[in-house]
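Containing compact mmCIF, N, CA and C atoms and all ligand atoms: structure12.txt.
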# COMPACT_ATOMS: atom_id res chain seq x y z
N MET A 1 14.93 71.00 -122.56
CA MET A 1 14.21 69.80 -122.99
C MET A 1 12.73 69.98 -122.72
N ILE A 2 11.95 69.36 -123.58
CA ILE A 2 10.50 69.38 -123.38
C ILE A 2 10.02 67.93 -123.45
N VAL A 3 9.11 67.60 -122.57
CA VAL A 3 8.62 66.23 -122.50
C VAL A 3 7.18 66.20 -122.98
N TYR A 4 6.90 65.38 -123.95
CA TYR A 4 5.53 65.24 -124.42
C TYR A 4 5.03 63.83 -124.12
N ASP A 5 3.79 63.79 -123.74
CA ASP A 5 3.13 62.49 -123.64
C ASP A 5 2.60 62.19 -125.02
N LEU A 6 2.97 61.05 -125.54
CA LEU A 6 2.55 60.69 -126.90
C LEU A 6 1.68 59.46 -126.85
N LEU A 7 0.83 59.37 -127.85
CA LEU A 7 -0.08 58.23 -127.91
C LEU A 7 -0.08 57.72 -129.34
N CYS A 8 0.14 56.43 -129.50
CA CYS A 8 0.15 55.88 -130.86
C CYS A 8 -1.25 55.46 -131.25
N GLU A 9 -1.42 55.06 -132.51
CA GLU A 9 -2.75 54.68 -132.99
C GLU A 9 -3.32 53.46 -132.26
N ASN A 10 -2.46 52.70 -131.59
CA ASN A 10 -2.94 51.55 -130.84
C ASN A 10 -3.10 51.85 -129.36
N ALA A 11 -3.15 53.15 -129.08
CA ALA A 11 -3.40 53.61 -127.71
C ALA A 11 -2.30 53.27 -126.71
N HIS A 12 -1.08 53.15 -127.21
CA HIS A 12 0.05 53.01 -126.29
C HIS A 12 0.51 54.41 -125.92
N ARG A 13 0.72 54.61 -124.66
CA ARG A 13 1.14 55.93 -124.21
C ARG A 13 2.61 55.87 -123.87
N PHE A 14 3.35 56.84 -124.33
CA PHE A 14 4.78 56.87 -123.99
C PHE A 14 5.27 58.30 -123.99
N GLU A 15 6.46 58.49 -123.46
CA GLU A 15 7.03 59.82 -123.34
C GLU A 15 8.04 60.10 -124.43
N GLY A 16 8.04 61.29 -124.91
CA GLY A 16 9.07 61.67 -125.87
C GLY A 16 9.75 62.92 -125.38
N TRP A 17 11.08 62.93 -125.50
CA TRP A 17 11.86 64.09 -125.08
C TRP A 17 12.37 64.80 -126.31
N PHE A 18 12.18 66.10 -126.33
CA PHE A 18 12.60 66.87 -127.49
C PHE A 18 13.33 68.12 -127.03
N THR A 19 14.21 68.59 -127.89
CA THR A 19 14.96 69.79 -127.51
C THR A 19 14.08 71.03 -127.60
N SER A 20 13.05 70.99 -128.44
CA SER A 20 12.15 72.14 -128.58
C SER A 20 10.86 71.67 -129.23
N PRO A 21 9.81 72.49 -129.14
CA PRO A 21 8.57 72.12 -129.83
C PRO A 21 8.79 71.94 -131.33
N GLU A 22 9.70 72.74 -131.89
CA GLU A 22 10.00 72.63 -133.32
C GLU A 22 10.62 71.27 -133.64
N ALA A 23 11.49 70.82 -132.73
CA ALA A 23 12.14 69.52 -132.95
C ALA A 23 11.08 68.43 -132.98
N PHE A 24 10.11 68.54 -132.10
CA PHE A 24 9.02 67.57 -132.11
C PHE A 24 8.26 67.62 -133.44
N SER A 25 7.83 68.83 -133.86
CA SER A 25 7.06 68.96 -135.10
C SER A 25 7.82 68.39 -136.27
N HIS A 26 9.11 68.70 -136.30
CA HIS A 26 9.94 68.24 -137.40
C HIS A 26 9.96 66.71 -137.46
N GLN A 27 10.28 66.09 -136.32
CA GLN A 27 10.36 64.62 -136.29
C GLN A 27 9.01 63.98 -136.54
N HIS A 28 7.97 64.65 -136.05
CA HIS A 28 6.61 64.13 -136.21
C HIS A 28 6.24 64.13 -137.67
N GLN A 29 6.47 65.28 -138.33
CA GLN A 29 6.11 65.39 -139.74
C GLN A 29 6.95 64.47 -140.62
N ALA A 30 8.17 64.25 -140.19
CA ALA A 30 9.05 63.38 -140.98
C ALA A 30 8.76 61.90 -140.70
N GLY A 31 7.81 61.64 -139.81
CA GLY A 31 7.44 60.25 -139.49
C GLY A 31 8.55 59.51 -138.76
N GLN A 32 9.37 60.28 -138.02
CA GLN A 32 10.49 59.65 -137.32
C GLN A 32 10.13 59.19 -135.91
N LEU A 33 8.92 59.51 -135.49
CA LEU A 33 8.52 59.10 -134.15
C LEU A 33 7.83 57.75 -134.26
N ALA A 34 8.23 56.83 -133.43
CA ALA A 34 7.59 55.52 -133.47
C ALA A 34 7.29 55.06 -132.07
N CYS A 35 6.19 54.36 -131.95
CA CYS A 35 5.80 53.83 -130.66
C CYS A 35 6.79 52.74 -130.24
N PRO A 36 7.32 52.82 -129.00
CA PRO A 36 8.29 51.81 -128.55
C PRO A 36 7.65 50.43 -128.37
N MET A 37 6.32 50.41 -128.27
CA MET A 37 5.66 49.12 -128.03
C MET A 37 5.25 48.41 -129.31
N CYS A 38 4.77 49.15 -130.32
CA CYS A 38 4.32 48.47 -131.54
C CYS A 38 4.99 49.00 -132.78
N GLY A 39 5.81 50.05 -132.64
CA GLY A 39 6.54 50.56 -133.79
C GLY A 39 5.72 51.43 -134.72
N SER A 40 4.46 51.67 -134.38
CA SER A 40 3.63 52.51 -135.24
C SER A 40 4.17 53.93 -135.27
N SER A 41 4.18 54.54 -136.45
CA SER A 41 4.62 55.93 -136.51
C SER A 41 3.43 56.87 -136.58
N THR A 42 2.22 56.33 -136.42
CA THR A 42 1.05 57.19 -136.31
C THR A 42 0.92 57.56 -134.85
N VAL A 43 1.53 58.68 -134.51
CA VAL A 43 1.68 59.07 -133.12
C VAL A 43 1.08 60.46 -132.93
N GLN A 44 0.35 60.64 -131.86
CA GLN A 44 -0.21 61.95 -131.59
C GLN A 44 0.30 62.46 -130.26
N LYS A 45 0.42 63.76 -130.21
CA LYS A 45 0.83 64.38 -128.96
C LYS A 45 -0.40 64.53 -128.07
N GLN A 46 -0.24 64.20 -126.82
CA GLN A 46 -1.32 64.40 -125.87
C GLN A 46 -1.40 65.89 -125.56
N PRO A 47 -2.61 66.37 -125.27
CA PRO A 47 -2.75 67.82 -125.03
C PRO A 47 -1.93 68.35 -123.87
N SER A 48 -1.66 67.54 -122.87
CA SER A 48 -0.87 68.06 -121.75
C SER A 48 0.07 66.99 -121.24
N ALA A 49 1.08 67.42 -120.57
CA ALA A 49 2.05 66.49 -120.00
C ALA A 49 2.14 66.77 -118.52
N PRO A 50 2.52 65.76 -117.73
CA PRO A 50 2.59 65.98 -116.28
C PRO A 50 3.64 67.01 -115.89
N TYR A 51 4.66 67.13 -116.67
CA TYR A 51 5.65 68.15 -116.36
C TYR A 51 6.35 68.58 -117.63
N VAL A 52 6.77 69.80 -117.61
CA VAL A 52 7.44 70.35 -118.78
C VAL A 52 8.69 71.04 -118.29
N GLN A 53 9.75 70.80 -118.97
CA GLN A 53 11.00 71.46 -118.63
C GLN A 53 11.42 72.22 -119.84
N THR A 54 11.56 73.49 -119.74
CA THR A 54 12.12 74.20 -120.87
C THR A 54 13.51 74.65 -120.47
N GLY A 55 14.46 74.19 -121.20
CA GLY A 55 15.83 74.44 -120.78
C GLY A 55 16.39 75.70 -121.41
N GLY A 56 17.51 76.09 -120.92
CA GLY A 56 18.25 77.15 -121.56
C GLY A 56 17.84 78.54 -121.12
N GLY A 57 18.78 79.44 -121.15
CA GLY A 57 18.52 80.84 -120.86
C GLY A 57 17.92 81.05 -119.49
N ASP A 58 17.22 82.17 -119.38
CA ASP A 58 16.65 82.48 -118.08
C ASP A 58 15.17 82.08 -118.02
N GLN A 59 14.75 81.33 -119.04
CA GLN A 59 13.34 81.00 -119.09
C GLN A 59 13.06 79.55 -118.75
N SER A 60 13.81 79.00 -117.83
CA SER A 60 13.52 77.60 -117.53
C SER A 60 12.40 77.52 -116.51
N GLN A 61 11.61 76.52 -116.69
CA GLN A 61 10.55 76.31 -115.70
C GLN A 61 10.26 74.83 -115.59
N ALA A 62 9.83 74.45 -114.43
CA ALA A 62 9.46 73.06 -114.20
C ALA A 62 8.12 73.06 -113.50
N VAL A 63 7.32 72.07 -113.84
CA VAL A 63 6.02 71.97 -113.21
C VAL A 63 5.92 70.60 -112.56
N MET A 64 5.50 70.58 -111.34
CA MET A 64 5.24 69.30 -110.71
C MET A 64 3.73 69.21 -110.53
N ALA A 65 3.17 68.18 -111.11
CA ALA A 65 1.72 68.08 -111.08
C ALA A 65 1.22 67.70 -109.69
N ASN A 66 0.15 68.32 -109.27
CA ASN A 66 -0.46 67.94 -107.99
C ASN A 66 -1.52 66.86 -108.26
N PRO A 67 -2.03 66.25 -107.20
CA PRO A 67 -3.00 65.15 -107.42
C PRO A 67 -4.20 65.58 -108.25
N GLU A 68 -4.67 66.82 -108.07
CA GLU A 68 -5.82 67.27 -108.85
C GLU A 68 -5.52 67.32 -110.33
N LEU A 69 -4.33 67.83 -110.63
CA LEU A 69 -3.94 67.91 -112.03
C LEU A 69 -3.80 66.51 -112.62
N MET A 70 -3.20 65.62 -111.83
CA MET A 70 -3.03 64.25 -112.30
C MET A 70 -4.39 63.62 -112.59
N GLU A 71 -5.34 63.90 -111.73
CA GLU A 71 -6.68 63.37 -111.88
C GLU A 71 -7.31 63.90 -113.18
N THR A 72 -7.14 65.19 -113.40
CA THR A 72 -7.66 65.81 -114.62
C THR A 72 -7.04 65.16 -115.84
N MET A 73 -5.72 64.93 -115.75
CA MET A 73 -5.03 64.34 -116.89
C MET A 73 -5.47 62.92 -117.13
N ARG A 74 -5.68 62.21 -116.05
CA ARG A 74 -6.12 60.82 -116.18
C ARG A 74 -7.47 60.79 -116.90
N LYS A 75 -8.36 61.72 -116.50
CA LYS A 75 -9.67 61.79 -117.14
C LYS A 75 -9.53 62.14 -118.61
N LYS A 76 -8.64 63.09 -118.89
CA LYS A 76 -8.42 63.50 -120.28
C LYS A 76 -7.92 62.32 -121.10
N PHE A 77 -7.04 61.56 -120.48
CA PHE A 77 -6.48 60.41 -121.17
C PHE A 77 -7.59 59.42 -121.51
N VAL A 78 -8.43 59.16 -120.53
CA VAL A 78 -9.54 58.23 -120.75
C VAL A 78 -10.45 58.77 -121.85
N GLU A 79 -10.74 60.06 -121.79
CA GLU A 79 -11.58 60.68 -122.82
C GLU A 79 -10.97 60.51 -124.19
N PHE A 80 -9.66 60.75 -124.24
CA PHE A 80 -8.94 60.63 -125.50
C PHE A 80 -9.08 59.22 -126.05
N VAL A 81 -8.88 58.26 -125.17
CA VAL A 81 -8.99 56.86 -125.60
C VAL A 81 -10.41 56.59 -126.11
N LEU A 82 -11.38 57.08 -125.37
CA LEU A 82 -12.77 56.84 -125.77
C LEU A 82 -13.09 57.46 -127.12
N GLN A 83 -12.51 58.62 -127.35
CA GLN A 83 -12.82 59.31 -128.60
C GLN A 83 -12.00 58.79 -129.78
N ASN A 84 -10.97 58.05 -129.51
CA ASN A 84 -10.08 57.62 -130.59
C ASN A 84 -10.02 56.12 -130.77
N THR A 85 -10.95 55.41 -130.18
CA THR A 85 -10.97 53.97 -130.35
C THR A 85 -12.37 53.55 -130.74
N GLU A 86 -12.44 52.41 -131.38
CA GLU A 86 -13.74 51.90 -131.78
C GLU A 86 -14.23 50.96 -130.68
N ASP A 87 -15.46 51.16 -130.26
CA ASP A 87 -16.02 50.31 -129.21
C ASP A 87 -16.54 49.02 -129.82
N VAL A 88 -15.88 47.92 -129.49
CA VAL A 88 -16.32 46.63 -130.02
C VAL A 88 -17.01 45.82 -128.93
N GLY A 89 -17.19 46.44 -127.77
CA GLY A 89 -17.95 45.81 -126.69
C GLY A 89 -17.41 44.45 -126.29
N GLU A 90 -18.29 43.49 -126.23
CA GLU A 90 -17.90 42.16 -125.74
C GLU A 90 -17.09 41.36 -126.75
N ARG A 91 -16.98 41.87 -127.96
CA ARG A 91 -16.18 41.17 -128.95
C ARG A 91 -14.71 41.54 -128.85
N PHE A 92 -14.35 42.28 -127.79
CA PHE A 92 -12.99 42.83 -127.70
C PHE A 92 -11.89 41.78 -127.89
N THR A 93 -11.96 40.71 -127.12
CA THR A 93 -10.91 39.69 -127.15
C THR A 93 -10.75 39.13 -128.56
N GLU A 94 -11.89 38.80 -129.15
CA GLU A 94 -11.94 38.27 -130.51
C GLU A 94 -11.33 39.25 -131.53
N GLU A 95 -11.78 40.52 -131.45
CA GLU A 95 -11.31 41.55 -132.37
C GLU A 95 -9.81 41.82 -132.19
N ALA A 96 -9.37 41.88 -130.93
CA ALA A 96 -7.97 42.17 -130.65
C ALA A 96 -7.10 41.09 -131.30
N ARG A 97 -7.52 39.83 -131.18
CA ARG A 97 -6.78 38.73 -131.82
C ARG A 97 -6.81 38.87 -133.33
N ALA A 98 -7.99 39.17 -133.88
CA ALA A 98 -8.14 39.28 -135.33
C ALA A 98 -7.21 40.37 -135.87
N ILE A 99 -7.15 41.49 -135.15
CA ILE A 99 -6.29 42.59 -135.60
C ILE A 99 -4.83 42.18 -135.50
N HIS A 100 -4.50 41.56 -134.36
CA HIS A 100 -3.11 41.14 -134.16
C HIS A 100 -2.66 40.18 -135.25
N TYR A 101 -3.52 39.24 -135.61
CA TYR A 101 -3.15 38.25 -136.63
C TYR A 101 -3.51 38.72 -138.04
N LYS A 102 -3.79 40.01 -138.15
CA LYS A 102 -4.06 40.66 -139.43
C LYS A 102 -5.26 40.06 -140.18
N GLU A 103 -6.22 39.60 -139.42
CA GLU A 103 -7.44 39.10 -140.03
C GLU A 103 -8.51 40.18 -140.03
N ALA A 104 -8.20 41.30 -139.42
CA ALA A 104 -9.12 42.43 -139.39
C ALA A 104 -8.30 43.69 -139.59
N PRO A 105 -8.94 44.76 -140.07
CA PRO A 105 -8.18 46.00 -140.32
C PRO A 105 -7.52 46.52 -139.04
N GLN A 106 -6.31 47.01 -139.18
CA GLN A 106 -5.54 47.57 -138.07
C GLN A 106 -6.23 48.81 -137.55
N ARG A 107 -6.59 48.81 -136.29
CA ARG A 107 -7.20 50.00 -135.70
C ARG A 107 -7.16 49.90 -134.18
N ALA A 108 -7.48 51.00 -133.54
CA ALA A 108 -7.51 51.01 -132.08
C ALA A 108 -8.92 50.67 -131.63
N ILE A 109 -9.00 49.73 -130.74
CA ILE A 109 -10.33 49.32 -130.26
C ILE A 109 -10.37 49.33 -128.74
N ARG A 110 -11.57 49.32 -128.23
CA ARG A 110 -11.74 49.14 -126.79
C ARG A 110 -12.98 48.27 -126.60
N GLY A 111 -13.10 47.72 -125.43
CA GLY A 111 -14.28 46.90 -125.16
C GLY A 111 -14.10 46.19 -123.84
N GLN A 112 -14.98 45.27 -123.59
CA GLN A 112 -14.92 44.56 -122.32
C GLN A 112 -14.08 43.29 -122.43
N ALA A 113 -13.26 43.11 -121.44
CA ALA A 113 -12.48 41.88 -121.36
C ALA A 113 -12.25 41.60 -119.88
N THR A 114 -12.19 40.34 -119.54
CA THR A 114 -11.91 40.01 -118.14
C THR A 114 -10.40 40.13 -117.91
N MET A 115 -9.99 40.14 -116.66
CA MET A 115 -8.57 40.19 -116.36
C MET A 115 -7.87 38.99 -117.00
N GLN A 116 -8.55 37.85 -116.95
CA GLN A 116 -7.99 36.63 -117.52
C GLN A 116 -7.78 36.78 -119.04
N ASP A 117 -8.78 37.31 -119.74
CA ASP A 117 -8.68 37.54 -121.19
C ASP A 117 -7.50 38.46 -121.50
N THR A 118 -7.44 39.55 -120.70
CA THR A 118 -6.40 40.54 -120.91
C THR A 118 -5.02 39.89 -120.76
N LYS A 119 -4.90 39.06 -119.73
CA LYS A 119 -3.64 38.39 -119.46
C LYS A 119 -3.28 37.45 -120.61
N GLU A 120 -4.25 36.71 -121.10
CA GLU A 120 -4.00 35.78 -122.20
C GLU A 120 -3.56 36.52 -123.46
N LEU A 121 -4.22 37.63 -123.73
CA LEU A 121 -3.85 38.43 -124.91
C LEU A 121 -2.41 38.91 -124.78
N GLN A 122 -2.08 39.39 -123.59
CA GLN A 122 -0.72 39.88 -123.37
C GLN A 122 0.29 38.76 -123.53
N GLU A 123 -0.07 37.56 -123.08
CA GLU A 123 0.84 36.43 -123.23
C GLU A 123 1.05 36.04 -124.69
N GLU A 124 0.05 36.34 -125.51
CA GLU A 124 0.20 36.08 -126.95
C GLU A 124 0.97 37.19 -127.65
N GLY A 125 1.37 38.19 -126.87
CA GLY A 125 2.14 39.29 -127.45
C GLY A 125 1.26 40.37 -128.03
N ILE A 126 0.01 40.40 -127.63
CA ILE A 126 -0.91 41.43 -128.12
C ILE A 126 -0.93 42.57 -127.11
N ASP A 127 -0.73 43.77 -127.63
CA ASP A 127 -0.65 44.93 -126.75
C ASP A 127 -2.03 45.40 -126.32
N VAL A 128 -2.44 45.00 -125.16
CA VAL A 128 -3.70 45.52 -124.62
C VAL A 128 -3.43 46.00 -123.21
N PHE A 129 -4.22 46.91 -122.75
CA PHE A 129 -4.08 47.30 -121.36
C PHE A 129 -5.44 47.67 -120.80
N ALA A 130 -5.55 47.59 -119.51
CA ALA A 130 -6.81 47.90 -118.86
C ALA A 130 -6.85 49.39 -118.56
N LEU A 131 -7.97 50.00 -118.87
CA LEU A 131 -8.13 51.40 -118.54
C LEU A 131 -8.17 51.54 -117.02
N PRO A 132 -7.60 52.62 -116.52
CA PRO A 132 -7.54 52.79 -115.06
C PRO A 132 -8.90 53.04 -114.41
N VAL A 133 -9.90 53.34 -115.17
CA VAL A 133 -11.22 53.60 -114.59
C VAL A 133 -12.27 52.87 -115.41
N PRO A 134 -13.44 52.65 -114.82
CA PRO A 134 -14.51 52.04 -115.62
C PRO A 134 -14.82 52.94 -116.81
N VAL A 135 -15.10 52.34 -117.92
CA VAL A 135 -15.39 53.12 -119.12
C VAL A 135 -16.75 53.81 -118.96
N LEU A 136 -16.72 55.12 -119.18
CA LEU A 136 -17.94 55.89 -119.04
C LEU A 136 -18.77 55.80 -120.32
N PRO A 137 -20.06 55.88 -120.15
CA PRO A 137 -20.87 55.93 -121.36
C PRO A 137 -20.53 57.19 -122.15
N LYS A 138 -20.61 57.10 -123.45
CA LYS A 138 -20.19 58.20 -124.31
C LYS A 138 -20.92 59.51 -124.01
N ASP A 139 -22.17 59.43 -123.64
CA ASP A 139 -22.95 60.66 -123.44
C ASP A 139 -22.53 61.45 -122.21
N LYS A 140 -21.64 60.89 -121.41
CA LYS A 140 -21.17 61.64 -120.23
C LYS A 140 -19.88 62.40 -120.52
N LEU A 141 -19.42 62.31 -121.74
CA LEU A 141 -18.13 62.92 -122.03
C LEU A 141 -18.19 64.43 -122.18
N HIS A 142 -19.32 64.94 -122.56
CA HIS A 142 -19.32 66.37 -122.87
C HIS A 142 -20.25 67.17 -121.97
ZN ZN B 201 1.90 51.47 -130.08

As structure tokens, please, write out the structure in this file.
Ligand SMILES: [Zn+2]
Amino acid sequence: MIVYDLLCENAHRFEGWFTSPEAFSHQHQAGQLACPMCGSSTVQKQPSAPYVQTGGGDQSQAVMANPELMETMRKKFVEFVLQNTEDVGERFTEEARAIHYKEAPQRAIRGQATMQDTKELQEEGIDVFALPVPVLPKDKLH
């Protein structure tokens, strides 16, 4: 089995288990992968996963991530989000609602929201989550 970290177009992160990399490619190309949170089939594989298990034969291996690796991955995840979402800044709450109620084009956005705003959005059934770290300015990414 191989475990991939997947990310949908709405920035939901989830795990997918596949029998082989080919099985993943096949299901991916056939549009059979869907986000468990929003059902979107626009799903991308994250560049790395915390652990990989390759089963079968004498070539099995397992990796347990150490804190440094986890930290690197967390940063990569944040970078990925930053590079794949539109920054709507302080209009986040407004835009998130507009997208949810289909008053604005469906897309992944990020921006500022208070904990209270985030909670209210979640209560309305809107999939938002707080990034684990403060959002870095774009010019620090590279
Ligand atoms: Zn999703």

Pick from A:His28, A:Ile99, A:Glu15, A:Pro36 nearest to ligand ZN 201 (chain B), counting all atoms listed in the file: A:Pro36

Could you please extract the residues within 12 Å of ligand ZN 201 (chain B), counting only C-alpha atoms and all ligand atoms, and hand them back as a list in words? Leu6, Leu7, Cys8, Glu9, Asn10, Ala11, His12, Arg13, Phe14, Glu15, Leu33, Ala34, Cys35, Pro36, Met37, Cys38, Gly39, Ser40, Ser41, Thr42, Val43, Gln44, Gln106, Arg107, Ala108, Ile126, Asp127, Val128 and Phe129 of chain A

8 Å contact set for Pro21 of chain A, only N, CA and C atoms, chain neighbours under 5 positions out, as a PyMOL selection string: chain A and resi 1-2+26-27

Any idea what the distance is between atom C of Leu131 of chain A and atom CA of Ala104 of chain A?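 Atom CA of Ala104 of chain A lies 24.2 Å from atom C of Leu131 of chain A.
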
Which one of A:Gly31, A:Lys75, A:His100, A:Gln83 sits closest to Gly125 of chain A if you count only N, CA and C atoms?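 Residue with the minimum atom-to-atom distance to Gly125 of chain A: A:His100.
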
Nearest-residue call for Phe80 of chain A, choices A:Asn66, A:Gln46, A:Gln112, A:Ser20, using only C-alpha atoms: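 Among A:Asn66, A:Gln46, A:Gln112, A:Ser20, it is A:Gln46 that comes nearest to Phe80 of chain A.
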
A straight line from atom CA of Arg91 of chain A to atom CA of Glu123 of chain A spans 18.6 Å

Quick one: pull the distance between atom CA of Lys45 of chain A and atom CA of Phe24 of chain A, Å, one decimal.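 Calculated distance between atom CA of Lys45 of chain A and atom CA of Phe24 of chain A is 9.3 Å.
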
Identify all residues of segment 68-99 of chain A in strand (DSSP E or B) (DSSP on the backbone) and supply them as a list in words. Glu86, Asp87, Val88 and Gly89 of chain A

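Distance annotation: of A:Ile109, A:Met115, A:Glu120, A:Asp5, the residue with the minimal separation from Asn84 of chain A is A:Ile109; atom set is only N, CA and C atoms.
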